[in-house]
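This is my_file09.tsv. It holds TSV, N, CA and C atoms.
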```tsv
chain	number	residue	atom	x	y	z
A	424	MET	N	-63.24	113.43	175.47
A	424	MET	CA	-63.21	113.44	176.93
A	424	MET	C	-62.18	112.44	177.43
A	425	GLY	N	-61.90	111.38	176.66
A	425	GLY	CA	-60.87	110.45	177.06
A	425	GLY	C	-61.32	109.37	178.03
A	426	PHE	N	-62.61	109.04	178.08
A	426	PHE	CA	-63.07	107.96	178.93
A	426	PHE	C	-62.61	106.63	178.34
A	427	THR	N	-62.06	105.76	179.18
A	427	THR	CA	-61.68	104.43	178.71
A	427	THR	C	-62.91	103.53	178.67
A	428	ASN	N	-62.83	102.48	177.89
A	428	ASN	CA	-63.92	101.52	177.82
A	428	ASN	C	-64.17	100.88	179.19
A	429	GLU	N	-63.07	100.60	179.93
A	429	GLU	CA	-63.21	100.02	181.27
A	429	GLU	C	-64.01	100.96	182.19
A	430	TYR	N	-63.70	102.26	182.13
A	430	TYR	CA	-64.42	103.22	182.97
A	430	TYR	C	-65.89	103.29	182.57
A	431	LEU	N	-66.17	103.32	181.28
A	431	LEU	CA	-67.56	103.38	180.83
A	431	LEU	C	-68.32	102.12	181.27
A	432	GLN	N	-67.66	100.96	181.23
A	432	GLN	CA	-68.30	99.73	181.71
A	432	GLN	C	-68.60	99.83	183.21
A	433	ARG	N	-67.68	100.40	183.98
A	433	ARG	CA	-67.92	100.59	185.43
A	433	ARG	C	-69.13	101.50	185.66
A	434	CYS	N	-69.21	102.56	184.88
A	434	CYS	CA	-70.34	103.48	185.01
A	434	CYS	C	-71.65	102.78	184.67
A	435	TRP	N	-71.63	101.95	183.62
A	435	TRP	CA	-72.84	101.24	183.22
A	435	TRP	C	-73.27	100.26	184.32
A	436	LYS	N	-72.31	99.51	184.83
A	436	LYS	CA	-72.63	98.51	185.87
A	436	LYS	C	-73.08	99.17	187.17
A	437	GLY	N	-72.57	100.38	187.46
A	437	GLY	CA	-72.92	101.07	188.70
A	437	GLY	C	-73.97	102.16	188.51
A	438	ARG	N	-74.75	102.08	187.43
A	438	ARG	CA	-75.67	103.17	187.11
A	438	ARG	C	-76.72	103.42	188.18
A	439	LYS	N	-77.11	102.41	188.94
A	439	LYS	CA	-78.12	102.61	189.99
A	439	LYS	C	-77.62	103.56	191.09
A	440	MET	N	-76.29	103.62	191.25
A	440	MET	CA	-75.71	104.50	192.27
A	440	MET	C	-76.04	105.97	191.98
A	441	TRP	N	-76.20	106.31	190.71
A	441	TRP	CA	-76.44	107.70	190.32
A	441	TRP	C	-77.90	107.97	189.98
A	442	ALA	N	-78.81	107.04	190.28
A	442	ALA	CA	-80.22	107.16	189.88
A	442	ALA	C	-80.88	108.43	190.40
A	443	GLY	N	-80.44	108.96	191.51
A	443	GLY	CA	-81.05	110.16	192.07
A	443	GLY	C	-80.43	111.46	191.60
A	444	LYS	N	-79.43	111.38	190.72
A	444	LYS	CA	-78.74	112.59	190.28
A	444	LYS	C	-79.64	113.45	189.39
A	445	LYS	N	-79.68	114.72	189.69
A	445	LYS	CA	-80.43	115.66	188.87
A	445	LYS	C	-79.68	115.86	187.55
A	446	THR	N	-80.41	115.83	186.45
A	446	THR	CA	-79.81	115.98	185.13
A	446	THR	C	-79.54	117.46	184.84
A	447	ARG	N	-78.33	117.72	184.35
A	447	ARG	CA	-77.93	119.08	184.00
A	447	ARG	C	-77.29	119.08	182.60
A	448	PRO	N	-77.48	120.16	181.85
A	448	PRO	CA	-76.77	120.26	180.56
A	448	PRO	C	-75.27	120.11	180.79
A	449	GLY	N	-74.63	119.34	179.92
A	449	GLY	CA	-73.19	119.08	180.06
A	449	GLY	C	-72.88	117.76	180.73
A	450	ASP	N	-73.90	117.07	181.27
A	450	ASP	CA	-73.68	115.74	181.86
A	450	ASP	C	-73.43	114.73	180.75
A	451	TRP	N	-72.47	113.84	180.97
A	451	TRP	CA	-72.22	112.73	180.06
A	451	TRP	C	-73.10	111.56	180.49
A	452	PHE	N	-73.59	110.77	179.51
A	452	PHE	CA	-74.39	109.60	179.85
A	452	PHE	C	-74.24	108.52	178.77
A	453	LEU	N	-74.56	107.29	179.17
A	453	LEU	CA	-74.50	106.13	178.28
A	453	LEU	C	-75.90	105.60	178.02
A	454	THR	N	-76.10	105.09	176.81
A	454	THR	CA	-77.34	104.40	176.45
A	454	THR	C	-76.98	103.21	175.57
A	455	GLY	N	-77.93	102.26	175.47
A	455	GLY	CA	-77.90	101.24	174.46
A	455	GLY	C	-77.00	100.05	174.61
A	456	ASP	N	-77.12	99.19	173.59
A	456	ASP	CA	-76.32	97.98	173.49
A	456	ASP	C	-75.97	97.81	172.02
A	457	PRO	N	-74.79	98.19	171.58
A	457	PRO	CA	-73.62	98.55	172.37
A	457	PRO	C	-73.77	99.94	172.99
A	458	LEU	N	-72.99	100.18	174.02
A	458	LEU	CA	-73.06	101.44	174.74
A	458	LEU	C	-72.67	102.61	173.84
A	459	GLU	N	-73.44	103.68	173.97
A	459	GLU	CA	-73.17	104.90	173.22
A	459	GLU	C	-73.07	106.06	174.20
A	460	LEU	N	-71.99	106.82	174.11
A	460	LEU	CA	-71.75	107.96	174.99
A	460	LEU	C	-72.37	109.21	174.37
A	461	SER	N	-73.12	109.96	175.17
A	461	SER	CA	-73.77	111.18	174.71
A	461	SER	C	-73.62	112.26	175.77
A	462	LEU	N	-73.94	113.48	175.37
A	462	LEU	CA	-73.86	114.64	176.25
A	462	LEU	C	-75.24	115.27	176.34
A	463	VAL	N	-75.67	115.61	177.56
A	463	VAL	CA	-76.97	116.25	177.75
A	463	VAL	C	-76.89	117.67	177.22
A	464	GLY	N	-77.78	117.98	176.29
A	464	GLY	CA	-77.88	119.34	175.75
A	464	GLY	C	-78.85	120.17	176.57
A	465	VAL	N	-78.95	121.45	176.26
A	465	VAL	CA	-79.82	122.35	177.01
A	465	VAL	C	-81.27	121.88	176.96
A	466	GLY	N	-81.75	121.40	175.83
A	466	GLY	CA	-83.13	120.95	175.71
A	466	GLY	C	-83.37	119.53	176.16
A	467	ASP	N	-82.32	118.82	176.55
A	467	ASP	CA	-82.45	117.40	176.92
A	467	ASP	C	-82.67	117.17	178.41
A	468	ALA	N	-82.52	118.18	179.23
A	468	ALA	CA	-82.52	117.98	180.69
A	468	ALA	C	-83.78	117.30	181.19
A	469	ARG	N	-84.92	117.51	180.53
A	469	ARG	CA	-86.16	116.86	180.98
A	469	ARG	C	-86.29	115.45	180.41
A	470	ILE	N	-85.63	115.19	179.29
A	470	ILE	CA	-85.74	113.89	178.62
A	470	ILE	C	-84.81	112.86	179.27
A	471	VAL	N	-83.59	113.28	179.63
A	471	VAL	CA	-82.60	112.38	180.21
A	471	VAL	C	-82.85	112.29	181.72
A	472	ASP	N	-83.24	111.10	182.16
A	472	ASP	CA	-83.56	110.88	183.57
A	472	ASP	C	-82.74	109.69	184.05
A	473	PHE	N	-81.82	109.94	184.99
A	473	PHE	CA	-80.90	108.89	185.44
A	473	PHE	C	-81.58	107.80	186.26
A	474	ARG	N	-82.87	107.96	186.56
A	474	ARG	CA	-83.63	106.88	187.20
A	474	ARG	C	-83.97	105.79	186.19
A	475	ASP	N	-83.89	106.11	184.91
A	475	ASP	CA	-84.16	105.17	183.83
A	475	ASP	C	-83.01	104.16	183.75
A	476	ASP	N	-83.31	102.89	183.89
A	476	ASP	CA	-82.29	101.84	183.90
A	476	ASP	C	-81.59	101.69	182.54
A	477	ALA	N	-82.14	102.34	181.51
A	477	ALA	CA	-81.53	102.28	180.17
A	477	ALA	C	-80.48	103.37	179.98
A	478	LEU	N	-80.25	104.17	181.03
A	478	LEU	CA	-79.26	105.26	180.99
A	478	LEU	C	-78.27	105.10	182.13
A	479	ALA	N	-77.08	105.60	181.90
A	479	ALA	CA	-76.07	105.61	182.97
A	479	ALA	C	-75.35	106.95	182.96
A	480	TYR	N	-75.28	107.57	184.10
A	480	TYR	CA	-74.52	108.81	184.26
A	480	TYR	C	-73.02	108.48	184.21
A	481	VAL	N	-72.25	109.35	183.55
A	481	VAL	CA	-70.80	109.18	183.44
A	481	VAL	C	-70.13	110.43	184.01
A	482	PRO	N	-69.65	110.36	185.26
A	482	PRO	CA	-68.99	111.54	185.83
A	482	PRO	C	-67.66	111.82	185.13
A	483	ASP	N	-67.44	113.10	184.81
A	483	ASP	CA	-66.14	113.48	184.24
A	483	ASP	C	-65.20	113.85	185.38
A	484	ALA	N	-63.97	114.22	185.06
A	484	ALA	CA	-62.97	114.49	186.10
A	484	ALA	C	-63.41	115.63	187.02
A	485	ASP	N	-64.03	116.67	186.48
A	485	ASP	CA	-64.51	117.77	187.33
A	485	ASP	C	-65.54	117.28	188.34
A	486	ASP	N	-66.48	116.45	187.88
A	486	ASP	CA	-67.50	115.90	188.78
A	486	ASP	C	-66.85	115.07	189.88
A	487	LEU	N	-65.89	114.23	189.49
A	487	LEU	CA	-65.24	113.36	190.46
A	487	LEU	C	-64.40	114.15	191.47
A	488	LEU	N	-63.73	115.21	191.01
A	488	LEU	CA	-62.97	116.04	191.94
A	488	LEU	C	-63.90	116.77	192.91
A	489	GLU	N	-65.06	117.20	192.44
A	489	GLU	CA	-66.04	117.83	193.33
A	489	GLU	C	-66.54	116.82	194.37
A	490	LEU	N	-66.81	115.60	193.93
A	490	LEU	CA	-67.23	114.56	194.88
A	490	LEU	C	-66.13	114.25	195.88
A	491	LEU	N	-64.89	114.27	195.42
A	491	LEU	CA	-63.75	114.05	196.31
A	491	LEU	C	-63.70	115.12	197.39
A	492	ASP	N	-63.90	116.38	197.00
A	492	ASP	CA	-63.96	117.47	197.99
A	492	ASP	C	-65.10	117.25	198.98
A	493	ASN	N	-66.25	116.79	198.48
A	493	ASN	CA	-67.37	116.51	199.37
A	493	ASN	C	-67.05	115.40	200.35
A	494	GLN	N	-66.29	114.41	199.89
A	494	GLN	CA	-65.90	113.31	200.77
A	494	GLN	C	-64.94	113.80	201.85
A	495	VAL	N	-64.00	114.66	201.47
A	495	VAL	CA	-63.09	115.25	202.46
A	495	VAL	C	-63.89	116.06	203.48
A	496	LYS	N	-64.84	116.85	203.00
A	496	LYS	CA	-65.69	117.65	203.88
A	496	LYS	C	-66.48	116.76	204.83
A	497	ALA	N	-66.92	115.59	204.35
A	497	ALA	CA	-67.69	114.66	205.19
A	497	ALA	C	-66.86	114.13	206.35
A	498	THR	N	-65.53	114.15	206.23
A	498	THR	CA	-64.67	113.72	207.34
A	498	THR	C	-64.51	114.81	208.38
A	499	GLY	N	-65.03	116.01	208.09
A	499	GLY	CA	-64.88	117.14	208.99
A	499	GLY	C	-63.71	118.04	208.63
A	500	ALA	N	-63.01	117.72	207.55
A	500	ALA	CA	-61.86	118.51	207.12
A	500	ALA	C	-62.29	119.56	206.10
A	501	ASP	N	-61.51	120.61	206.00
A	501	ASP	CA	-61.74	121.65	205.00
A	501	ASP	C	-61.09	121.20	203.69
A	502	PRO	N	-61.87	121.03	202.61
A	502	PRO	CA	-61.29	120.58	201.35
A	502	PRO	C	-60.19	121.49	200.82
A	503	ALA	N	-60.23	122.77	201.18
A	503	ALA	CA	-59.21	123.71	200.71
A	503	ALA	C	-57.84	123.41	201.31
A	504	THR	N	-57.81	122.65	202.41
A	504	THR	CA	-56.53	122.36	203.06
A	504	THR	C	-55.95	121.01	202.64
A	505	LYS	N	-56.64	120.29	201.77
A	505	LYS	CA	-56.14	118.98	201.34
A	505	LYS	C	-54.99	119.18	200.35
A	506	THR	N	-54.12	118.19	200.27
A	506	THR	CA	-53.12	118.16	199.20
A	506	THR	C	-53.41	116.93	198.35
A	507	LEU	N	-53.25	117.10	197.07
A	507	LEU	CA	-53.55	116.04	196.13
A	507	LEU	C	-52.35	115.90	195.19
A	508	SER	N	-51.77	114.73	195.12
A	508	SER	CA	-50.62	114.46	194.25
A	508	SER	C	-51.01	113.40	193.24
A	509	LEU	N	-50.99	113.78	191.99
A	509	LEU	CA	-51.39	112.90	190.89
A	509	LEU	C	-50.16	112.57	190.06
A	510	ARG	N	-49.97	111.27	189.75
A	510	ARG	CA	-48.82	110.84	188.97
A	510	ARG	C	-49.25	109.85	187.89
A	511	TYR	N	-48.45	109.84	186.80
A	511	TYR	CA	-48.67	108.86	185.75
A	511	TYR	C	-47.33	108.33	185.27
A	512	ASP	N	-47.25	107.02	185.12
A	512	ASP	CA	-46.10	106.43	184.43
A	512	ASP	C	-46.63	105.27	183.58
A	513	PRO	N	-45.98	104.97	182.47
A	513	PRO	CA	-46.49	103.97	181.53
A	513	PRO	C	-46.63	102.57	182.11
A	514	VAL	N	-45.84	102.22	183.11
A	514	VAL	CA	-45.89	100.87	183.67
A	514	VAL	C	-47.02	100.74	184.70
A	515	ASN	N	-47.07	101.65	185.66
A	515	ASN	CA	-48.04	101.58	186.75
A	515	ASN	C	-49.29	102.42	186.54
A	516	HIS	N	-49.36	103.12	185.43
A	516	HIS	CA	-50.49	103.95	185.07
A	516	HIS	C	-50.66	105.11	186.06
A	517	TRP	N	-51.90	105.41	186.44
A	517	TRP	CA	-52.21	106.56	187.28
A	517	TRP	C	-52.16	106.20	188.76
A	518	SER	N	-51.67	107.14	189.58
A	518	SER	CA	-51.72	106.99	191.04
A	518	SER	C	-52.02	108.34	191.66
A	519	LEU	N	-52.55	108.29	192.87
A	519	LEU	CA	-53.04	109.50	193.54
A	519	LEU	C	-52.80	109.38	195.04
A	520	ASP	N	-52.31	110.45	195.64
A	520	ASP	CA	-52.22	110.57	197.10
A	520	ASP	C	-53.02	111.79	197.51
A	521	ILE	N	-53.85	111.62	198.52
A	521	ILE	CA	-54.64	112.73	199.07
A	521	ILE	C	-54.36	112.79	200.57
A	522	GLU	N	-53.97	113.93	201.05
A	522	GLU	CA	-53.75	114.15	202.48
A	522	GLU	C	-54.75	115.20	202.95
A	523	TYR	N	-55.44	114.93	204.06
A	523	TYR	CA	-56.42	115.87	204.59
A	523	TYR	C	-56.56	115.62	206.09
A	524	ALA	N	-56.54	116.72	206.84
A	524	ALA	CA	-56.68	116.65	208.30
A	524	ALA	C	-55.94	115.44	208.86
A	525	ASP	N	-56.65	114.52	209.49
A	525	ASP	CA	-56.02	113.33	210.07
A	525	ASP	C	-56.14	112.11	209.16
A	526	GLY	N	-56.42	112.34	207.89
A	526	GLY	CA	-56.61	111.20	207.00
A	526	GLY	C	-55.77	111.29	205.74
A	527	SER	N	-55.69	110.18	205.06
A	527	SER	CA	-55.01	110.15	203.77
A	527	SER	C	-55.59	108.99	202.96
A	528	THR	N	-55.45	109.11	201.66
A	528	THR	CA	-55.89	108.06	200.75
A	528	THR	C	-54.82	107.90	199.69
A	529	HIS	N	-54.53	106.65	199.35
A	529	HIS	CA	-53.54	106.34	198.33
A	529	HIS	C	-54.19	105.37	197.35
A	530	ALA	N	-54.38	105.81	196.11
A	530	ALA	CA	-54.97	104.96	195.07
A	530	ALA	C	-53.94	104.78	193.96
A	531	VAL	N	-53.79	103.56	193.48
A	531	VAL	CA	-52.74	103.28	192.49
A	531	VAL	C	-53.25	102.39	191.36
A	532	MET	N	-52.44	102.36	190.31
A	532	MET	CA	-52.56	101.43	189.20
A	532	MET	C	-53.93	101.42	188.53
A	533	GLN	N	-54.41	102.58	188.14
A	533	GLN	CA	-55.66	102.69	187.38
A	533	GLN	C	-55.32	103.18	185.97
A	534	GLU	N	-56.01	102.66	184.97
A	534	GLU	CA	-55.68	102.97	183.59
A	534	GLU	C	-56.10	104.36	183.14
A	535	SER	N	-57.05	104.97	183.84
A	535	SER	CA	-57.48	106.32	183.46
A	535	SER	C	-57.62	107.19	184.69
A	536	ILE	N	-57.56	108.48	184.48
A	536	ILE	CA	-57.73	109.41	185.59
A	536	ILE	C	-59.13	109.28	186.18
A	537	HIS	N	-60.11	108.99	185.34
A	537	HIS	CA	-61.49	108.84	185.82
A	537	HIS	C	-61.62	107.62	186.73
A	538	SER	N	-61.05	106.50	186.29
A	538	SER	CA	-61.08	105.29	187.13
A	538	SER	C	-60.34	105.52	188.43
A	539	LEU	N	-59.24	106.25	188.37
A	539	LEU	CA	-58.45	106.55	189.56
A	539	LEU	C	-59.26	107.36	190.57
A	540	LEU	N	-59.91	108.42	190.11
A	540	LEU	CA	-60.68	109.27	191.02
A	540	LEU	C	-61.88	108.51	191.59
A	541	LEU	N	-62.52	107.69	190.76
A	541	LEU	CA	-63.64	106.89	191.26
A	541	LEU	C	-63.17	105.89	192.31
A	542	TYR	N	-62.02	105.28	192.07
A	542	TYR	CA	-61.44	104.34	193.03
A	542	TYR	C	-61.07	105.05	194.34
A	543	ALA	N	-60.49	106.25	194.24
A	543	ALA	CA	-60.15	107.02	195.43
A	543	ALA	C	-61.40	107.35	196.24
A	544	LEU	N	-62.48	107.71	195.56
A	544	LEU	CA	-63.74	107.98	196.26
A	544	LEU	C	-64.23	106.73	197.00
A	545	HIS	N	-64.11	105.60	196.35
A	545	HIS	CA	-64.49	104.34	196.98
A	545	HIS	C	-63.65	104.09	198.24
A	546	LEU	N	-62.35	104.29	198.14
A	546	LEU	CA	-61.46	104.10	199.29
A	546	LEU	C	-61.80	105.05	200.44
A	547	MET	N	-62.09	106.30	200.09
A	547	MET	CA	-62.38	107.29	201.13
A	547	MET	C	-63.70	107.00	201.83
A	548	ALA	N	-64.61	106.33	201.14
A	548	ALA	CA	-65.93	106.04	201.72
A	548	ALA	C	-65.91	104.83	202.65
A	549	GLN	N	-64.80	104.09	202.67
A	549	GLN	CA	-64.71	102.91	203.52
A	549	GLN	C	-64.56	103.34	204.98
A	550	PRO	N	-65.19	102.60	205.88
A	550	PRO	CA	-65.07	102.94	207.31
A	550	PRO	C	-63.61	102.77	207.76
A	551	GLY	N	-63.19	103.62	208.66
A	551	GLY	CA	-61.83	103.57	209.20
A	551	GLY	C	-61.64	102.39	210.13
A	552	PRO	N	-60.39	102.16	210.55
A	552	PRO	CA	-60.10	101.02	211.44
A	552	PRO	C	-60.73	101.18	212.81
```

Starting from the coordinates I provided, produce the structure as C-alpha cells.
Amino acid sequence: MGFTNEYLQRCWKGRKMWAGKKTRPGDWFLTGDPLELSLVGVGDARIVDFRDDALAYVPDADDLLELLDNQVKATGADPATKTLSLRYDPVNHWSLDIEYADGSTHAVMQESIHSLLLYALHLMAQPGP
C-alpha cells in the first residue's frame, strides 16, 4: 500500500478521531507495540472495532479522496466540479492544489500521498477568514 512510517504514526496518534467509523472488509488498521499493519477480512468486521483504543484505522488514498469530496460538498460546492492538481518532486515531495466553487486549498511538502491528502483535509476543515 505504500504507507510511510510517519503516516502510520499520525494514524496511531489520531486514532480517537476515527472511533465511530464502521468497520468494513478492506479497511486497513494498526495494532500493537510495535505497530503492525493489518487488513480487515470478510470475517473480521465484527472483531475489529475502531472504538477499541488498541486499534487505529488507517485511511488509504481512496478513503481520503472520498473524504476530500465530502469536505468540498460541505462547503456547498459540487465535488464533480473541483479540480485537483497533484505533483511530486524529489526535493519538495508531494504537493496538491484543489480548486472548488469559491474556495481553494494548497498543501505542500508532505512525504507521502496519504500524508498530503490528510493534511489537505485538515486545511479544508479550518474556518475561513

| Could you write out, as a ChimeraX atom specification, all the residues of chain A that DSSP marks as strand (DSSP E)? | /A:451-454,459-462,478-481,506-512,516-523,526-533

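The interatomic distance for the pair atom CA of Ser527 of chain A and atom CA of Tyr511 of chain A works out to 19.1 Å.
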
| request: Apply DSSP to the structure's backbone, then extract all residues of segment 431-542 of chain A labelled helix (DSSP H, G or I) and return them as a count of residues only. | output: 37

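From atom N of His545 of chain A back to atom C of Lys505 of chain A, the distance works out to 16.8 Å.
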
| task | Would you work out the distance separating atom C of Ser538 of chain A from atom CA of Ser461 of chain A, expressed in Å to one decimal? | result | 20.0 Å

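Using only N, CA and C atoms, the smallest distance between any of A:Phe473, A:Thr446, A:Trp451, A:Asp483 and His537 of chain A comes from A:Asp483.
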
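Shortest separation to Ala548 of chain A among A:Ala500, A:Leu490, A:Val531, A:Ala524 occurs at residue A:Leu490, atoms counted being only C-alpha atoms.
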
| remark: Arg474 of chain A proximity check over A:Leu487, A:Leu544, A:Ala497, A:Lys439, using only C-alpha atoms: winner is A:Lys439
